[in-house]
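Printed here is data39.cif (mmCIF, N, CA and C atoms):
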data_model
#
loop_
_atom_site.label_atom_id
_atom_site.label_comp_id
_atom_site.auth_asym_id
_atom_site.auth_seq_id
_atom_site.Cartn_x
_atom_site.Cartn_y
_atom_site.Cartn_z
N MET A 1 -120.26 20.69 71.19
CA MET A 1 -119.58 19.41 71.15
C MET A 1 -119.57 18.83 69.73
N SER A 2 -120.65 18.97 69.00
CA SER A 2 -120.72 18.41 67.65
C SER A 2 -119.79 19.17 66.69
N ILE A 3 -119.59 20.47 66.95
CA ILE A 3 -118.66 21.25 66.12
C ILE A 3 -117.25 20.71 66.29
N ASP A 4 -116.90 20.37 67.54
CA ASP A 4 -115.58 19.82 67.83
C ASP A 4 -115.40 18.48 67.10
N LEU A 5 -116.43 17.66 67.09
CA LEU A 5 -116.38 16.37 66.41
C LEU A 5 -116.25 16.56 64.90
N GLU A 6 -116.98 17.53 64.36
CA GLU A 6 -116.90 17.82 62.93
C GLU A 6 -115.51 18.33 62.56
N LEU A 7 -114.94 19.17 63.42
CA LEU A 7 -113.58 19.67 63.17
C LEU A 7 -112.57 18.52 63.15
N LYS A 8 -112.70 17.60 64.10
CA LYS A 8 -111.79 16.46 64.13
C LYS A 8 -111.92 15.62 62.87
N LYS A 9 -113.15 15.40 62.42
CA LYS A 9 -113.38 14.61 61.23
C LYS A 9 -112.79 15.31 60.00
N ALA A 10 -113.05 16.61 59.87
CA ALA A 10 -112.52 17.38 58.74
C ALA A 10 -110.99 17.40 58.78
N PHE A 11 -110.44 17.55 59.98
CA PHE A 11 -109.00 17.56 60.16
C PHE A 11 -108.40 16.22 59.69
N SER A 12 -109.01 15.13 60.09
CA SER A 12 -108.53 13.79 59.70
C SER A 12 -108.60 13.61 58.18
N GLU A 13 -109.70 14.05 57.58
CA GLU A 13 -109.86 13.94 56.13
C GLU A 13 -108.80 14.76 55.40
N LEU A 14 -108.52 15.95 55.91
CA LEU A 14 -107.49 16.79 55.29
C LEU A 14 -106.11 16.15 55.40
N GLN A 15 -105.84 15.56 56.55
CA GLN A 15 -104.54 14.91 56.74
C GLN A 15 -104.37 13.74 55.77
N VAL A 16 -105.43 12.94 55.61
CA VAL A 16 -105.37 11.80 54.69
C VAL A 16 -105.17 12.29 53.26
N LYS A 17 -105.91 13.32 52.89
CA LYS A 17 -105.80 13.87 51.53
C LYS A 17 -104.38 14.42 51.30
N MET A 18 -103.85 15.09 52.30
CA MET A 18 -102.51 15.67 52.18
C MET A 18 -101.46 14.57 52.01
N LEU A 19 -101.55 13.50 52.80
CA LEU A 19 -100.60 12.40 52.69
C LEU A 19 -100.70 11.71 51.33
N ASP A 20 -101.92 11.51 50.86
CA ASP A 20 -102.14 10.91 49.55
C ASP A 20 -101.52 11.77 48.44
N THR A 21 -101.72 13.05 48.55
CA THR A 21 -101.19 13.99 47.54
C THR A 21 -99.67 13.99 47.58
N GLN A 22 -99.09 13.94 48.77
CA GLN A 22 -97.63 13.90 48.89
C GLN A 22 -97.07 12.62 48.24
N GLN A 23 -97.76 11.50 48.43
CA GLN A 23 -97.32 10.25 47.82
C GLN A 23 -97.38 10.33 46.30
N LYS A 24 -98.43 10.96 45.79
CA LYS A 24 -98.56 11.11 44.34
C LYS A 24 -97.44 11.99 43.79
N ALA A 25 -97.07 13.03 44.53
CA ALA A 25 -95.97 13.91 44.11
C ALA A 25 -94.65 13.13 44.09
N LYS A 26 -94.43 12.28 45.10
CA LYS A 26 -93.21 11.47 45.13
C LYS A 26 -93.18 10.48 43.96
N LEU A 27 -94.34 9.91 43.65
CA LEU A 27 -94.43 8.99 42.52
C LEU A 27 -94.10 9.72 41.21
N SER A 28 -94.58 10.94 41.08
CA SER A 28 -94.25 11.75 39.90
C SER A 28 -92.75 11.98 39.80
N ASP A 29 -92.11 12.25 40.93
CA ASP A 29 -90.66 12.42 40.95
C ASP A 29 -89.94 11.17 40.45
N LEU A 30 -90.39 10.00 40.92
CA LEU A 30 -89.77 8.74 40.49
C LEU A 30 -89.96 8.51 39.00
N GLN A 31 -91.15 8.82 38.50
CA GLN A 31 -91.41 8.65 37.07
C GLN A 31 -90.57 9.61 36.24
N ILE A 32 -90.41 10.83 36.72
CA ILE A 32 -89.58 11.82 36.02
C ILE A 32 -88.13 11.32 35.97
N ASP A 33 -87.63 10.80 37.09
CA ASP A 33 -86.26 10.26 37.12
C ASP A 33 -86.09 9.12 36.12
N GLN A 34 -87.08 8.23 36.08
CA GLN A 34 -87.01 7.09 35.16
C GLN A 34 -87.02 7.57 33.71
N LEU A 35 -87.87 8.52 33.39
CA LEU A 35 -87.93 9.05 32.02
C LEU A 35 -86.66 9.80 31.65
N THR A 36 -86.06 10.47 32.62
CA THR A 36 -84.80 11.17 32.37
C THR A 36 -83.70 10.17 32.02
N ARG A 37 -83.71 9.01 32.70
CA ARG A 37 -82.74 7.96 32.37
C ARG A 37 -82.97 7.42 30.95
N VAL A 38 -84.24 7.27 30.57
CA VAL A 38 -84.57 6.82 29.21
C VAL A 38 -84.02 7.81 28.20
N GLN A 39 -84.21 9.12 28.47
CA GLN A 39 -83.70 10.16 27.57
C GLN A 39 -82.18 10.09 27.44
N LYS A 40 -81.51 9.96 28.58
CA LYS A 40 -80.04 9.92 28.56
C LYS A 40 -79.53 8.72 27.77
N LEU A 41 -80.17 7.57 27.98
CA LEU A 41 -79.76 6.36 27.27
C LEU A 41 -79.97 6.53 25.77
N ALA A 42 -81.10 7.11 25.39
CA ALA A 42 -81.38 7.34 23.96
C ALA A 42 -80.36 8.30 23.36
N LYS A 43 -80.00 9.36 24.10
CA LYS A 43 -79.01 10.32 23.61
C LYS A 43 -77.63 9.67 23.46
N LEU A 44 -77.26 8.86 24.45
CA LEU A 44 -75.96 8.18 24.38
C LEU A 44 -75.91 7.21 23.21
N THR A 45 -76.97 6.44 23.03
CA THR A 45 -77.01 5.49 21.91
C THR A 45 -76.97 6.24 20.58
N SER A 46 -77.70 7.31 20.50
CA SER A 46 -77.71 8.13 19.28
C SER A 46 -76.32 8.67 18.99
N ALA A 47 -75.63 9.12 20.01
CA ALA A 47 -74.27 9.65 19.84
C ALA A 47 -73.30 8.55 19.38
N GLU A 48 -73.54 7.33 19.86
CA GLU A 48 -72.67 6.21 19.49
C GLU A 48 -72.86 5.81 18.03
N ILE A 49 -74.10 5.86 17.54
CA ILE A 49 -74.34 5.39 16.17
C ILE A 49 -74.23 6.50 15.12
N SER A 50 -74.22 7.75 15.55
CA SER A 50 -74.18 8.85 14.58
C SER A 50 -72.94 8.86 13.68
N PRO A 51 -71.75 8.49 14.16
CA PRO A 51 -70.59 8.50 13.25
C PRO A 51 -70.60 7.39 12.19
N LEU A 52 -71.46 6.39 12.39
CA LEU A 52 -71.49 5.28 11.43
C LEU A 52 -72.10 5.73 10.11
N SER A 53 -71.75 5.05 9.04
CA SER A 53 -72.29 5.42 7.73
C SER A 53 -73.78 5.09 7.70
N SER A 54 -74.52 5.82 6.86
CA SER A 54 -75.98 5.66 6.82
C SER A 54 -76.40 4.28 6.30
N SER A 55 -75.52 3.60 5.61
CA SER A 55 -75.87 2.27 5.10
C SER A 55 -75.65 1.16 6.14
N THR A 56 -75.12 1.53 7.28
CA THR A 56 -74.84 0.55 8.33
C THR A 56 -76.14 -0.03 8.87
N ARG A 57 -76.14 -1.36 9.03
CA ARG A 57 -77.29 -2.02 9.63
C ARG A 57 -76.89 -2.45 11.03
N LEU A 58 -77.80 -2.27 11.98
CA LEU A 58 -77.50 -2.55 13.38
C LEU A 58 -78.54 -3.50 13.96
N TYR A 59 -78.13 -4.21 14.98
CA TYR A 59 -79.07 -5.07 15.68
C TYR A 59 -79.72 -4.29 16.81
N GLU A 60 -81.02 -4.46 16.91
CA GLU A 60 -81.76 -3.83 18.00
C GLU A 60 -82.37 -4.94 18.85
N GLY A 61 -82.17 -4.84 20.15
CA GLY A 61 -82.75 -5.83 21.06
C GLY A 61 -84.23 -5.56 21.25
N VAL A 62 -85.06 -6.56 20.93
CA VAL A 62 -86.51 -6.46 21.12
C VAL A 62 -86.92 -7.69 21.92
N GLY A 63 -87.18 -7.48 23.20
CA GLY A 63 -87.47 -8.63 24.06
C GLY A 63 -86.26 -9.53 24.13
N ARG A 64 -86.45 -10.79 23.73
CA ARG A 64 -85.33 -11.75 23.73
C ARG A 64 -84.67 -11.88 22.37
N MET A 65 -85.19 -11.14 21.40
CA MET A 65 -84.67 -11.26 20.03
C MET A 65 -83.85 -10.03 19.66
N PHE A 66 -83.09 -10.19 18.60
CA PHE A 66 -82.36 -9.07 18.01
C PHE A 66 -82.81 -8.94 16.57
N ILE A 67 -83.17 -7.72 16.19
CA ILE A 67 -83.66 -7.47 14.85
C ILE A 67 -82.67 -6.57 14.13
N LEU A 68 -82.34 -6.96 12.92
CA LEU A 68 -81.42 -6.16 12.10
C LEU A 68 -82.20 -5.02 11.45
N GLN A 69 -81.77 -3.78 11.75
CA GLN A 69 -82.45 -2.61 11.21
C GLN A 69 -81.43 -1.61 10.68
N SER A 70 -81.93 -0.69 9.87
CA SER A 70 -81.03 0.34 9.35
C SER A 70 -80.72 1.35 10.46
N LYS A 71 -79.60 2.01 10.29
CA LYS A 71 -79.19 3.06 11.24
C LYS A 71 -80.28 4.12 11.33
N GLU A 72 -80.87 4.47 10.19
CA GLU A 72 -81.90 5.50 10.15
C GLU A 72 -83.14 5.11 10.98
N ASP A 73 -83.56 3.85 10.83
CA ASP A 73 -84.73 3.37 11.60
C ASP A 73 -84.46 3.46 13.11
N ILE A 74 -83.30 2.99 13.50
CA ILE A 74 -82.95 3.02 14.93
C ILE A 74 -82.84 4.46 15.42
N ASN A 75 -82.23 5.31 14.62
CA ASN A 75 -82.10 6.72 15.00
C ASN A 75 -83.48 7.38 15.16
N ASN A 76 -84.40 7.06 14.24
CA ASN A 76 -85.76 7.60 14.34
C ASN A 76 -86.46 7.12 15.60
N GLN A 77 -86.26 5.85 15.92
CA GLN A 77 -86.85 5.31 17.15
C GLN A 77 -86.29 6.00 18.39
N LEU A 78 -84.99 6.26 18.37
CA LEU A 78 -84.36 6.95 19.50
C LEU A 78 -84.90 8.37 19.65
N MET A 79 -85.09 9.04 18.52
CA MET A 79 -85.65 10.40 18.56
C MET A 79 -87.08 10.39 19.10
N ASP A 80 -87.85 9.38 18.67
CA ASP A 80 -89.22 9.24 19.17
C ASP A 80 -89.24 9.00 20.68
N LYS A 81 -88.32 8.14 21.14
CA LYS A 81 -88.23 7.87 22.59
C LYS A 81 -87.93 9.15 23.35
N GLN A 82 -86.97 9.92 22.85
CA GLN A 82 -86.60 11.18 23.52
C GLN A 82 -87.78 12.14 23.55
N LYS A 83 -88.47 12.25 22.42
CA LYS A 83 -89.60 13.17 22.31
C LYS A 83 -90.73 12.75 23.25
N THR A 84 -91.06 11.45 23.25
CA THR A 84 -92.11 10.94 24.12
C THR A 84 -91.76 11.14 25.59
N ALA A 85 -90.52 10.84 25.95
CA ALA A 85 -90.07 11.03 27.33
C ALA A 85 -90.15 12.49 27.73
N ASP A 86 -89.75 13.38 26.82
CA ASP A 86 -89.79 14.82 27.09
C ASP A 86 -91.22 15.29 27.34
N GLU A 87 -92.14 14.82 26.50
CA GLU A 87 -93.55 15.20 26.68
C GLU A 87 -94.10 14.69 28.00
N LYS A 88 -93.78 13.44 28.34
CA LYS A 88 -94.25 12.85 29.60
C LYS A 88 -93.67 13.60 30.80
N ILE A 89 -92.38 13.97 30.70
CA ILE A 89 -91.74 14.70 31.80
C ILE A 89 -92.45 16.03 32.02
N LYS A 90 -92.74 16.75 30.93
CA LYS A 90 -93.45 18.03 31.06
C LYS A 90 -94.81 17.84 31.70
N GLU A 91 -95.50 16.80 31.27
CA GLU A 91 -96.83 16.49 31.82
C GLU A 91 -96.74 16.17 33.32
N LEU A 92 -95.76 15.35 33.69
CA LEU A 92 -95.58 14.98 35.09
C LEU A 92 -95.16 16.17 35.94
N GLU A 93 -94.32 17.05 35.38
CA GLU A 93 -93.91 18.23 36.15
C GLU A 93 -95.09 19.16 36.40
N GLN A 94 -95.98 19.29 35.41
CA GLN A 94 -97.19 20.11 35.61
C GLN A 94 -98.07 19.48 36.69
N ARG A 95 -98.21 18.17 36.63
CA ARG A 95 -99.03 17.46 37.63
C ARG A 95 -98.42 17.63 39.02
N LYS A 96 -97.09 17.55 39.09
CA LYS A 96 -96.40 17.68 40.37
C LYS A 96 -96.61 19.07 40.97
N VAL A 97 -96.53 20.10 40.12
CA VAL A 97 -96.76 21.48 40.59
C VAL A 97 -98.18 21.59 41.16
N TYR A 98 -99.15 21.02 40.45
CA TYR A 98 -100.54 21.03 40.92
C TYR A 98 -100.65 20.30 42.26
N LEU A 99 -100.01 19.14 42.38
CA LEU A 99 -100.07 18.37 43.62
C LEU A 99 -99.42 19.12 44.77
N GLU A 100 -98.28 19.74 44.51
CA GLU A 100 -97.60 20.51 45.56
C GLU A 100 -98.46 21.67 46.02
N ARG A 101 -99.14 22.30 45.07
CA ARG A 101 -100.04 23.40 45.42
C ARG A 101 -101.20 22.87 46.28
N SER A 102 -101.71 21.69 45.95
CA SER A 102 -102.79 21.08 46.72
C SER A 102 -102.34 20.77 48.15
N VAL A 103 -101.10 20.28 48.28
CA VAL A 103 -100.57 19.98 49.62
C VAL A 103 -100.48 21.27 50.43
N LYS A 104 -99.97 22.34 49.81
CA LYS A 104 -99.85 23.61 50.52
C LYS A 104 -101.22 24.13 50.94
N GLU A 105 -102.22 24.01 50.07
CA GLU A 105 -103.57 24.45 50.41
C GLU A 105 -104.12 23.62 51.56
N ALA A 106 -103.88 22.31 51.54
CA ALA A 106 -104.35 21.44 52.62
C ALA A 106 -103.67 21.82 53.94
N GLU A 107 -102.36 22.09 53.89
CA GLU A 107 -101.65 22.52 55.10
C GLU A 107 -102.22 23.83 55.62
N ASP A 108 -102.51 24.77 54.71
CA ASP A 108 -103.10 26.05 55.12
C ASP A 108 -104.47 25.84 55.75
N ASN A 109 -105.27 24.96 55.17
CA ASN A 109 -106.60 24.67 55.72
C ASN A 109 -106.51 24.06 57.11
N ILE A 110 -105.56 23.14 57.29
CA ILE A 110 -105.37 22.53 58.61
C ILE A 110 -104.95 23.59 59.62
N ARG A 111 -104.03 24.46 59.22
CA ARG A 111 -103.57 25.53 60.09
C ARG A 111 -104.75 26.44 60.49
N GLU A 112 -105.56 26.81 59.50
CA GLU A 112 -106.73 27.66 59.78
C GLU A 112 -107.70 26.97 60.73
N MET A 113 -107.92 25.68 60.53
CA MET A 113 -108.83 24.93 61.41
C MET A 113 -108.32 24.94 62.85
N LEU A 114 -107.01 24.73 62.99
CA LEU A 114 -106.43 24.72 64.34
C LEU A 114 -106.53 26.09 64.99
N LEU A 115 -106.25 27.14 64.21
CA LEU A 115 -106.34 28.49 64.75
C LEU A 115 -107.77 28.84 65.15
N SER A 116 -108.72 28.50 64.28
CA SER A 116 -110.12 28.82 64.59
C SER A 116 -110.58 28.02 65.81
N ARG A 117 -110.09 26.82 65.97
CA ARG A 117 -110.46 25.99 67.12
C ARG A 117 -109.89 26.62 68.41
N ARG A 118 -108.67 27.12 68.33
CA ARG A 118 -108.07 27.77 69.51
C ARG A 118 -108.84 29.02 69.90
N HIS A 119 -109.25 29.80 68.87
CA HIS A 119 -109.99 31.02 69.14
C HIS A 119 -111.37 30.72 69.74
N THR A 120 -112.02 29.68 69.27
CA THR A 120 -113.35 29.32 69.82
C THR A 120 -113.22 28.69 71.19
N ALA A 121 -112.08 28.07 71.48
CA ALA A 121 -111.88 27.45 72.78
C ALA A 121 -111.59 28.47 73.87
N GLN A 122 -111.07 29.63 73.45
CA GLN A 122 -110.70 30.65 74.45
C GLN A 122 -111.85 31.47 74.90
#

Could you express the structure from this file as structure tokens?
Amino acid sequence: MSIDLELKKAFSELQVKMLDTQQKAKLSDLQIDQLTRVQKLAKLTSAEISPLSSSTRLYEGVGRMFILQSKEDINNQLMDKQKTADEKIKELEQRKVYLERSVKEAEDNIREMLLSRRHTAQ
């Protein structure tokens, strides 16, 4: 009887861990989508300002203010944004792969527990 109780407890813990891991994977997906939008916006802005002469000064929105900056400064900032977003996306994708693997392992463990319980019950 105590083995059955321990199995139920372990099963519940695995289910909770699996759901938590699935939520973390979904959160990673949302963050990746958001960073991809940041990259696209930076690329579009960069494409818009690239034909302008290098001496052109542009306004950049910072909070509620606009700051006059050189085209080069803004272009460098856009490149930094793209690079940072790219690094974060790679990091999140690695984390997501790890989380998905954890979910699969948890599912396998639950399946094994159920099978072993059936075999001991018979």

What do you get, as an NGL selection string, if you spell out every residue that the PyMOL selection byres (((chain A and resi 86-89 and name CA) around 12) and name CA) selects here?
:A and (28-40 or 42 or 79-85 or 90-96)

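Candidate residues A:Thr56, A:Asp108, A:Leu99, A:Ser46 were compared for distance to Lys24 in chain A, and the nearest is A:Leu99, using all atoms listed in the file.
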
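Non-sequential neighbours of Asn109 in chain A (distance at most 9 Å, separation of 4 or more positions within a chain, only C-alpha atoms) are Phe11, Leu14, Lys104, Glu105, Met113 and Leu114 of chain A.
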
Residues from the last selection, N, CA and C atoms, saved as an mmCIF file, in the frame of the given file:
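So the final result, stored in selection-v4.cif, reads:
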data_model
loop_
_atom_site.group_PDB
_atom_site.id
_atom_site.type_symbol
_atom_site.label_atom_id
_atom_site.label_comp_id
_atom_site.auth_asym_id
_atom_site.auth_seq_id
_atom_site.Cartn_x
_atom_site.Cartn_y
_atom_site.Cartn_z
ATOM 1 N N PHE A 11 -110.440 17.550 59.980
ATOM 2 C CA PHE A 11 -109.000 17.560 60.160
ATOM 3 C C PHE A 11 -108.400 16.220 59.690
ATOM 4 N N LEU A 14 -108.520 15.950 55.910
ATOM 5 C CA LEU A 14 -107.490 16.790 55.290
ATOM 6 C C LEU A 14 -106.110 16.150 55.400
ATOM 7 N N LYS A 104 -99.970 22.340 49.810
ATOM 8 C CA LYS A 104 -99.850 23.610 50.520
ATOM 9 C C LYS A 104 -101.220 24.130 50.940
ATOM 10 N N GLU A 105 -102.220 24.010 50.070
ATOM 11 C CA GLU A 105 -103.570 24.450 50.410
ATOM 12 C C GLU A 105 -104.120 23.620 51.560
ATOM 13 N N MET A 113 -107.920 25.680 60.530
ATOM 14 C CA MET A 113 -108.830 24.930 61.410
ATOM 15 C C MET A 113 -108.320 24.940 62.850
ATOM 16 N N LEU A 114 -107.010 24.730 62.990
ATOM 17 C CA LEU A 114 -106.430 24.720 64.340
ATOM 18 C C LEU A 114 -106.530 26.090 64.990
#

Residue set, chain A restricted to strand (DSSP E or B), as a PyMOL selection string
chain A and resi 57-62+65-70

Quick one: 4 Å padding each side, axis-aligned, all listed atoms of range 63-71 of chain A - centre and edge lengths in Å to one decimal, as lines of an AutoDock Vina configuration file?
center_x = -83.3
center_y = -3.9
center_z = 16.7
size_x = 16.3
size_y = 24.0
size_z = 22.8

Just the alpha helix (DSSP H) stuff from chain A, please, per backbone DSSP, written as a PyMOL selection string.
chain A and resi 2-49+71-121

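Interatomic distance, CA of Val97 in chain A to atom C of Lys17 in chain A: 14.9 Å.
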
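Closest to Leu41 in chain A among A:Ala106, A:Ala10, A:Leu115, A:Leu78 is A:Leu78, based on only C-alpha atoms.
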
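For the pair CA of Tyr98 in chain A and CA of Ile110 in chain A, the interatomic distance is 18.4 Å.
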